file work-v7.txt (compact mmCIF, C-alpha atoms)
# COMPACT_ATOMS: atom_id res chain seq x y z
CA MET A 740 89.43 64.59 100.05
CA ARG A 741 89.63 66.52 96.78
CA VAL A 742 89.41 70.28 97.29
CA LEU A 743 89.08 73.24 94.93
CA ILE A 744 90.50 76.58 96.15
CA VAL A 745 89.06 79.60 94.34
CA ASP A 746 90.83 82.94 94.92
CA ASP A 747 92.28 85.57 92.61
CA SER A 748 95.32 85.89 94.89
CA MET A 749 97.98 83.27 94.27
CA VAL A 750 99.46 84.12 97.67
CA ILE A 751 96.19 83.37 99.46
CA ARG A 752 95.70 80.16 97.47
CA ASN A 753 99.13 79.09 98.75
CA VAL A 754 98.30 80.12 102.33
CA ILE A 755 95.12 78.01 102.22
CA LYS A 756 96.92 75.12 100.51
CA LYS A 757 99.53 75.11 103.27
CA ALA A 758 96.81 75.14 105.94
CA LEU A 759 95.07 72.19 104.28
CA SER A 760 98.30 70.20 104.06
CA VAL A 761 98.64 70.46 107.86
CA GLY A 762 95.31 68.60 108.02
CA GLY A 763 96.53 65.97 105.56
CA ILE A 764 94.60 67.36 102.58
CA THR A 765 96.89 67.38 99.56
CA ASP A 766 94.58 66.60 96.61
CA ILE A 767 94.01 70.25 95.72
CA ASP A 768 93.10 72.10 92.53
CA GLN A 769 93.05 75.87 92.17
CA ALA A 770 90.95 78.38 90.23
CA LYS A 771 91.77 82.09 89.96
CA ASP A 772 88.22 83.42 89.52
CA GLY A 773 84.57 82.43 89.65
CA GLN A 774 84.32 81.56 85.97
CA GLU A 775 87.25 79.16 86.17
CA ALA A 776 85.61 77.53 89.21
CA VAL A 777 82.27 77.11 87.40
CA ASP A 778 84.07 75.53 84.43
CA MET A 779 86.07 73.16 86.66
CA VAL A 780 83.13 72.05 88.83
CA GLY A 781 80.53 71.79 86.09
CA GLY A 782 77.40 70.24 87.52
CA GLY A 783 79.19 67.37 89.19
CA ASP A 784 80.55 66.44 92.58
CA ASP A 785 84.11 65.46 91.70
CA TYR A 786 85.29 67.74 94.49
CA GLN A 787 84.40 67.05 98.11
CA LEU A 788 84.82 70.73 99.04
CA ILE A 789 85.13 74.17 97.43
CA LEU A 790 86.73 77.14 99.24
CA MET A 791 85.44 80.28 97.51
CA ASP A 792 86.60 83.91 97.68
CA TRP A 793 83.95 86.59 97.03
CA ASN A 794 85.57 89.56 95.26
CA MET A 795 87.25 88.33 92.10
CA PRO A 796 87.51 89.56 88.50
CA ASN A 797 85.49 88.00 85.64
CA LYS A 798 82.95 86.32 87.92
CA THR A 799 82.54 86.93 91.65
CA GLY A 800 82.37 84.13 94.18
CA ILE A 801 78.68 84.66 94.86
CA GLU A 802 77.88 84.53 91.13
CA ALA A 803 79.90 81.32 90.89
CA VAL A 804 78.05 79.74 93.84
CA ILE A 805 74.68 80.52 92.22
CA GLU A 806 75.83 79.05 88.91
CA ILE A 807 77.40 75.94 90.45
CA ARG A 808 74.15 75.20 92.32
CA ALA A 809 72.08 75.92 89.19
CA ASN A 810 74.26 73.40 87.35
CA GLY A 811 73.27 70.76 89.90
CA SER A 812 76.43 70.39 91.98
CA LYS A 813 75.86 69.62 95.66
CA THR A 814 79.54 69.93 96.63
CA PRO A 815 79.88 71.77 99.97
CA ILE A 816 81.08 75.35 99.49
CA ILE A 817 82.80 77.45 102.18
CA MET A 818 83.05 81.16 101.42
CA CYS A 819 86.48 82.52 102.41
CA THR A 820 86.22 86.27 102.17
CA THR A 821 86.60 89.74 103.69
CA GLU A 822 82.86 90.33 103.19
CA SER A 823 81.86 89.99 106.82
CA GLU A 824 78.59 91.97 107.08
CA LYS A 825 75.66 89.86 108.30
CA SER A 826 73.69 90.62 105.14
CA ARG A 827 76.56 89.25 103.03
CA VAL A 828 76.71 86.04 105.06
CA VAL A 829 72.93 85.59 104.66
CA GLU A 830 73.21 86.31 100.93
CA ALA A 831 75.90 83.66 100.53
CA LEU A 832 74.02 81.02 102.51
CA LYS A 833 70.84 81.72 100.52
CA ALA A 834 72.82 81.35 97.29
CA GLY A 835 73.91 77.88 98.35
CA ALA A 836 77.12 78.27 100.34
CA ASN A 837 77.38 75.95 103.34
CA ASN A 838 79.77 77.80 105.65
CA TYR A 839 81.77 81.00 105.99
CA ILE A 840 85.35 81.96 106.86
CA ILE A 841 86.09 85.64 107.37
CA LYS A 842 89.48 87.05 106.41
CA PRO A 843 91.77 87.66 108.23
CA PHE A 844 91.84 84.06 109.41
CA LYS A 845 94.19 81.80 111.30
CA ALA A 846 95.26 78.64 109.45
CA GLU A 847 93.60 76.39 112.02
CA THR A 848 90.24 78.11 111.43
CA ILE A 849 90.14 76.64 107.92
CA LEU A 850 90.44 73.08 109.22
CA GLU A 851 87.82 73.74 111.92
CA LYS A 852 85.34 75.04 109.33
CA ILE A 853 86.05 72.07 107.05
CA ASN A 854 85.36 69.66 109.91
CA GLN A 855 82.08 71.47 110.60
CA THR A 856 81.07 71.38 106.95
CA VAL A 857 82.22 68.03 105.55
CA LYS A 858 80.92 65.10 107.57
CA MET B 1116 86.52 112.90 106.36
CA LYS B 1117 85.84 112.66 110.06
CA VAL B 1118 89.09 111.78 111.79
CA GLU B 1119 87.43 108.98 113.78
CA TYR B 1120 86.78 107.16 110.48
CA ILE B 1121 90.43 106.11 110.61
CA ASN B 1122 89.93 103.94 113.72
CA PRO B 1123 88.38 100.84 112.06
CA PHE B 1124 91.25 100.84 109.55
CA ILE B 1125 93.89 101.07 112.29
CA GLU B 1126 92.23 98.19 114.17
CA SER B 1127 92.08 96.21 110.96
CA VAL B 1128 95.80 96.67 110.22
CA THR B 1129 96.72 95.56 113.74
CA ASN B 1130 94.40 92.56 113.64
CA THR B 1131 95.39 91.44 110.14
CA PHE B 1132 99.12 91.63 110.91
CA SER B 1133 98.78 89.71 114.18
CA THR B 1134 96.39 87.08 112.75
CA MET B 1135 97.93 86.37 109.36
CA LEU B 1136 101.55 87.58 109.60
CA ASP B 1137 102.19 86.71 113.24
CA CYS B 1138 103.56 90.25 113.62
CA ASP B 1139 102.72 93.19 115.86
CA ALA B 1140 102.15 96.40 113.89
CA GLU B 1141 102.29 99.43 116.18
CA ARG B 1142 100.67 102.68 115.23
CA GLY B 1143 102.98 105.68 115.04
CA GLU B 1144 102.40 109.24 113.88
CA ILE B 1145 99.06 110.27 112.36
CA LYS B 1146 98.98 113.17 109.87
CA ILE B 1147 96.39 114.87 107.73
CA VAL B 1148 97.67 115.32 104.18
CA ASP B 1149 96.33 116.71 100.89
CA GLU B 1150 98.26 114.23 98.80
CA MET B 1151 100.48 111.22 99.34
CA VAL B 1152 103.66 113.23 98.94
CA ASP B 1153 106.07 110.57 100.13
CA PRO B 1154 104.74 107.32 98.76
CA ARG B 1155 106.80 104.26 99.40
CA ASN B 1156 108.10 102.05 96.56
CA ILE B 1157 104.93 99.97 96.46
CA THR B 1158 101.44 101.36 97.08
CA ALA B 1159 98.37 99.09 96.98
CA LEU B 1160 95.09 100.99 96.80
CA ILE B 1161 91.42 100.04 96.92
CA GLY B 1162 88.45 102.28 96.16
CA ILE B 1163 85.47 102.40 98.52
CA SER B 1164 81.97 103.17 97.25
CA GLY B 1165 78.35 103.08 98.38
CA ALA B 1166 76.97 105.21 101.21
CA MET B 1167 80.55 106.42 101.78
CA THR B 1168 83.25 106.99 99.19
CA GLY B 1169 87.02 107.11 99.31
CA SER B 1170 90.04 104.86 99.26
CA VAL B 1171 92.36 102.88 101.49
CA SER B 1172 95.98 102.26 100.63
CA LEU B 1173 99.09 100.71 102.08
CA GLY B 1174 102.53 102.03 101.13
CA PHE B 1175 105.66 99.95 101.67
CA PRO B 1176 109.36 100.18 100.95
CA ARG B 1177 110.14 97.31 98.55
CA LYS B 1178 112.05 95.28 101.16
CA THR B 1179 109.27 95.60 103.75
CA ALA B 1180 106.64 94.59 101.20
CA LYS B 1181 108.61 91.45 100.36
CA GLN B 1182 109.09 90.59 104.03
CA CYS B 1183 105.39 91.12 104.77
CA VAL B 1184 104.33 88.80 101.95
CA GLU B 1185 106.88 86.19 103.07
CA ALA B 1186 105.37 86.38 106.57
CA LEU B 1187 101.87 86.08 105.10
CA MET B 1188 103.01 82.92 103.32
CA GLY B 1189 104.24 81.41 106.58
CA GLY B 1190 107.90 82.26 106.10
CA MET B 1191 108.22 81.05 102.51
CA GLU B 1192 111.11 82.88 100.84
CA ILE B 1193 110.33 84.96 97.75
CA GLU B 1194 113.00 85.34 95.02
CA GLU B 1195 114.48 88.86 94.78
CA ASP B 1196 113.14 89.40 91.25
CA ASP B 1197 109.68 87.93 91.91
CA GLU B 1198 107.76 91.21 92.01
CA ASP B 1199 104.49 89.54 90.89
CA THR B 1200 104.24 87.55 94.12
CA VAL B 1201 104.98 90.63 96.25
CA ILE B 1202 102.34 92.67 94.40
CA ASP B 1203 99.81 89.83 94.68
CA GLY B 1204 100.37 89.55 98.43
CA ILE B 1205 100.30 93.28 99.12
CA SER B 1206 97.09 93.56 97.08
CA GLU B 1207 95.51 90.88 99.21
CA LEU B 1208 96.67 92.58 102.42
CA VAL B 1209 94.98 95.88 101.50
CA ASN B 1210 91.90 93.93 100.41
CA ILE B 1211 91.67 92.17 103.77
CA ILE B 1212 92.29 95.39 105.72
CA GLY B 1213 89.76 97.36 103.68
CA GLY B 1214 87.18 94.59 103.84
CA SER B 1215 87.56 94.10 107.55
CA ALA B 1216 87.32 97.86 108.24
CA LYS B 1217 84.31 98.53 106.00
CA SER B 1218 82.14 96.06 107.90
CA LYS B 1219 82.62 98.16 111.06
CA PHE B 1220 80.71 101.07 109.47
CA GLU B 1221 77.62 98.78 109.43
CA LYS B 1222 76.11 100.26 106.27
CA ASP B 1223 73.16 98.55 104.62
CA PRO B 1224 73.74 97.75 101.84
CA PRO B 1225 77.40 97.15 102.75
CA LEU B 1226 80.10 99.43 101.33
CA GLU B 1227 81.67 98.09 98.14
CA LEU B 1228 85.40 97.68 97.54
CA SER B 1229 87.09 97.83 94.15
CA LEU B 1230 89.69 95.27 93.20
CA PRO B 1231 93.17 96.44 94.31
CA ASN B 1232 95.40 98.63 92.15
CA VAL B 1233 99.14 98.63 92.74
CA ILE B 1234 101.61 101.43 91.94
CA THR B 1235 105.35 100.70 91.96
CA GLY B 1236 108.28 102.99 91.37
CA ASP B 1237 110.69 105.31 93.12
CA ASN B 1238 109.30 108.77 92.54
CA TYR B 1239 105.56 109.18 92.24
CA LYS B 1240 102.80 111.18 93.85
CA VAL B 1241 99.23 110.03 94.53
CA ARG B 1242 96.73 112.88 94.72
CA VAL B 1243 93.45 112.44 96.53
CA GLN B 1244 90.13 113.81 95.28
CA THR B 1245 89.98 117.62 95.48
CA GLY B 1246 88.54 118.79 98.78
CA THR B 1247 89.03 115.37 100.40
CA MET B 1248 91.18 114.97 103.46
CA CYS B 1249 93.60 112.04 103.63
CA VAL B 1250 94.63 110.54 106.97
CA ASP B 1251 98.14 109.10 106.88
CA VAL B 1252 99.21 106.69 109.64
CA VAL B 1253 102.71 105.29 110.07
CA PHE B 1254 103.04 101.74 111.42
CA GLU B 1255 106.19 100.19 112.84
CA SER B 1256 106.78 96.44 112.87
CA LYS B 1257 109.61 93.93 112.99
CA LEU B 1258 109.14 93.62 109.21
CA GLY B 1259 109.72 97.35 108.71
CA SER B 1260 107.63 100.52 108.66
CA PHE B 1261 104.74 101.19 106.32
CA ASN B 1262 101.94 103.71 105.83
CA LEU B 1263 98.17 103.34 105.93
CA ARG B 1264 96.36 106.11 104.06
CA VAL B 1265 92.62 106.54 104.10
CA THR B 1266 90.25 109.02 102.46
CA LEU B 1267 86.59 108.59 103.27
CA ARG B 1268 83.54 110.83 103.22
CA ASP B 1269 79.82 110.37 103.68
CA GLY B 1270 77.75 110.28 100.55
CA LYS B 1271 78.37 109.26 96.96
call {"tool": "encode", "arguments": {"input": "work-v7.txt", "output": "C-alpha cells"}}
result
Amino acid sequence: MRVLIVDDSMVIRNVIKKALSVGGITDIDQAKDGQEAVDMVGGGDDYQLILMDWNMPNKTGIEAVIEIRANGSKTPIIMCTTESEKSRVVEALKAGANNYIIKPFKAETILEKINQTVK
Amino acid sequence: MKVEYINPFIESVTNTFSTMLDCDAERGEIKIVDEMVDPRNITALIGISGAMTGSVSLGFPRKTAKQCVEALMGGMEIEEDDEDTVIDGISELVNIIGGSAKSKFEKDPPLELSLPNVITGDNYKVRVQTGTMCVDVVFESKLGSFNLRVTLRDGK
C-alpha cells in the first residue's frame, strides 16, 4: 500500500510513519502542507491512502481535500487532526474525506482506521 | 477569564501526555498572573479566536522539551543541537492540547486556533492582553516540570 502523510509537523509525520511501519506499511511519501499534497496527488489514484492534517500553512487540509476531489482523485482520505467538533467532522466528510482520526491518538488507532477505510 | 475555563486545558494536557507520550503529567500549583514573568527556555503559544479569544501556551526548560519530544516520537533520540525538531514537536503538542480543549467549549462555529508560535531564549517576558487574566498551571512529570498558561475571555 502506498500512503501519503500530510502534516506540517515533521515530528507527527514521523510518529505516523512509525505507526504505519508496525502494520507493515513502508511505501510512504510525505507532504508538509495542503498545497504540496494537491500537487503530489494530482487527479490520480497513485496512492491507496492519504492521511491529512487540517490546520496547516499555505493550504489547509480541508481545502486540499476539496481540491483533490475536484481534480478527480478517488483515493481514500483519513483526516488526522485536533479539530474534533461534530460540525468539523461533518464538514470534512461532506468535502470528501472518508474517515477521521482525532489527535491525540494512540498508534494502534491509525491502523484500525486504515483497516476500516481501505478494503 | 473565568477560572473554570482552565479545566478543559488541564484535562487535555493530562490526556495528551498519557496517550501520545506514555507519561503521567500531574497538575501542581495554579496561579493567576498578569504576565508570564518566569517563562521557561521554550514557550510554544497558540492564539484562540471566535466566540472566545485568548491564548494557550506551554513553557518548558530546554531539557524537558527535548525529552517530551523524544517521548512523543516513541523514544527516538534527538541530537543535542537539533533545536528544529524540538520546536516542531513542542509546537505540535500545544496544537493538540489547544485543539482538544477548544472542542470542550462546544461553540458553534467552533473556536479557531492560530498556527503555533515558539519563543526560545533565557530571559524573556510574555505579556498578556491588558485587563486579561492569565491562569498558570505547573505540571510535574517523569520528563520534567512544565507550565500551562491560558488566557481566555468571552467575546471577540
call {"tool": "interface_residues", "arguments": {"input": "work-v7.txt", "of": "chain B", "to": "chain A", "cutoff": "6 Å", "atoms": "all atoms listed in the file", "output": "MDAnalysis selection string"}}
result
chainID B and resid 1131 1134 1188 1203:1204 1211 1214:1215 1218
call {"tool": "closest_residue", "arguments": {"input": "work-v7.txt", "among": "B:Ile1161, B:Ile1212, B:Met1151, B:Cys1183", "to": "Val1243 of chain B", "atoms": "only C-alpha atoms"}}
result
B:Met1151
call {"tool": "residues_around", "arguments": {"input": "work-v7.txt", "residues": "segment 1247-1263 of chain B", "least_positions_apart": "3", "cutoff": "9 Å", "atoms": "all atoms listed in the file", "output": "ChimeraX atom specification"}}
result
/B:1116-1118,1121,1124-1125,1128,1138-1151,1154-1155,1169,1171-1176,1178-1180,1182-1183,1186,1243-1244,1266-1268
call {"tool": "residues_near_point", "arguments": {"input": "work-v7.txt", "point": "(75.2, 79.9, 105.4)", "cutoff": "12 Å", "atoms": "all atoms listed in the file", "output": "list of chain:residue names"}}
result
A:Val804, A:Pro815, A:Ile816, A:Ile817, A:Met818, A:Cys819, A:Lys825, A:Ser826, A:Arg827, A:Val828, A:Val829, A:Glu830, A:Ala831, A:Leu832, A:Lys833, A:Ala834, A:Gly835, A:Ala836, A:Asn837, A:Asn838, A:Tyr839, A:Ile840, A:Lys852, A:Thr856
call {"tool": "atom_distance", "arguments": {"input": "work-v7.txt", "atom1": "atom CA of Leu759 of chain A", "atom2": "atom CA of Pro1231 of chain B"}}
result
26.3 Å
call {"tool": "closest_residue", "arguments": {"input": "work-v7.txt", "among": "B:Ile1193, B:Thr1158, B:Glu1185, B:Ser1170", "to": "Asp1137 of chain B", "atoms": "only C-alpha atoms"}}
result
B:Glu1185
call {"tool": "closest_residue", "arguments": {"input": "work-v7.txt", "among": "B:Met1167, B:Tyr1120, B:Gly1246, B:Leu1230", "to": "Glu1207 of chain B", "atoms": "all atoms listed in the file"}}
result
B:Leu1230
call {"tool": "residues_around", "arguments": {"input": "work-v7.txt", "residues": "Met740 of chain A", "least_positions_apart": "2", "cutoff": "10 Å", "atoms": "all atoms listed in the file", "output": "list of chain:residue names"}}
result
A:Val742, A:Gly763, A:Ile764, A:Thr765, A:Asp766, A:Ile767, A:Asp785, A:Tyr786, A:Gln787, A:Leu788, A:Val857
call {"tool": "atom_distance", "arguments": {"input": "work-v7.txt", "atom1": "atom CA of Lys813 of chain A", "atom2": "atom CA of Asn797 of chain A"}}
result
23.0 Å
call {"tool": "axis_aligned_box", "arguments": {"input": "work-v7.txt", "around": "segment 1145-1158 of chain B", "padding_each_side": "3 Å", "output": "JSON"}}
result
{"center_x": 102.2, "center_y": 108.3, "center_z": 104.4, "size_x": 17.8, "size_y": 22.7, "size_z": 21.9}
call {"tool": "atom_distance", "arguments": {"input": "work-v7.txt", "atom1": "atom CA of Ile744 of chain A", "atom2": "atom CA of Thr814 of chain A"}}
result
12.8 Å
call {"tool": "residues_around", "arguments": {"input": "work-v7.txt", "residues": "Gln774 of chain A", "least_positions_apart": "5", "cutoff": "12 Å", "atoms": "only C-alpha atoms", "output": "JSON, numbers by chain"}}
result
{"A": [745, 746, 747, 779, 780, 781, 791, 795, 796, 797, 798, 799, 800, 801, 802, 803, 804, 805, 806, 807]}
call {"tool": "residues_around", "arguments": {"input": "work-v7.txt", "residues": "Leu743 of chain A", "least_positions_apart": "6", "cutoff": "6 Å", "atoms": "all atoms listed in the file", "output": "number ranges by chain"}}
result
A: 767-769, 789
call {"tool": "closest_residue", "arguments": {"input": "work-v7.txt", "among": "A:Glu851, A:Gly783, A:Asp792, A:Val777", "to": "Gly762 of chain A", "atoms": "all atoms listed in the file"}}
result
A:Glu851
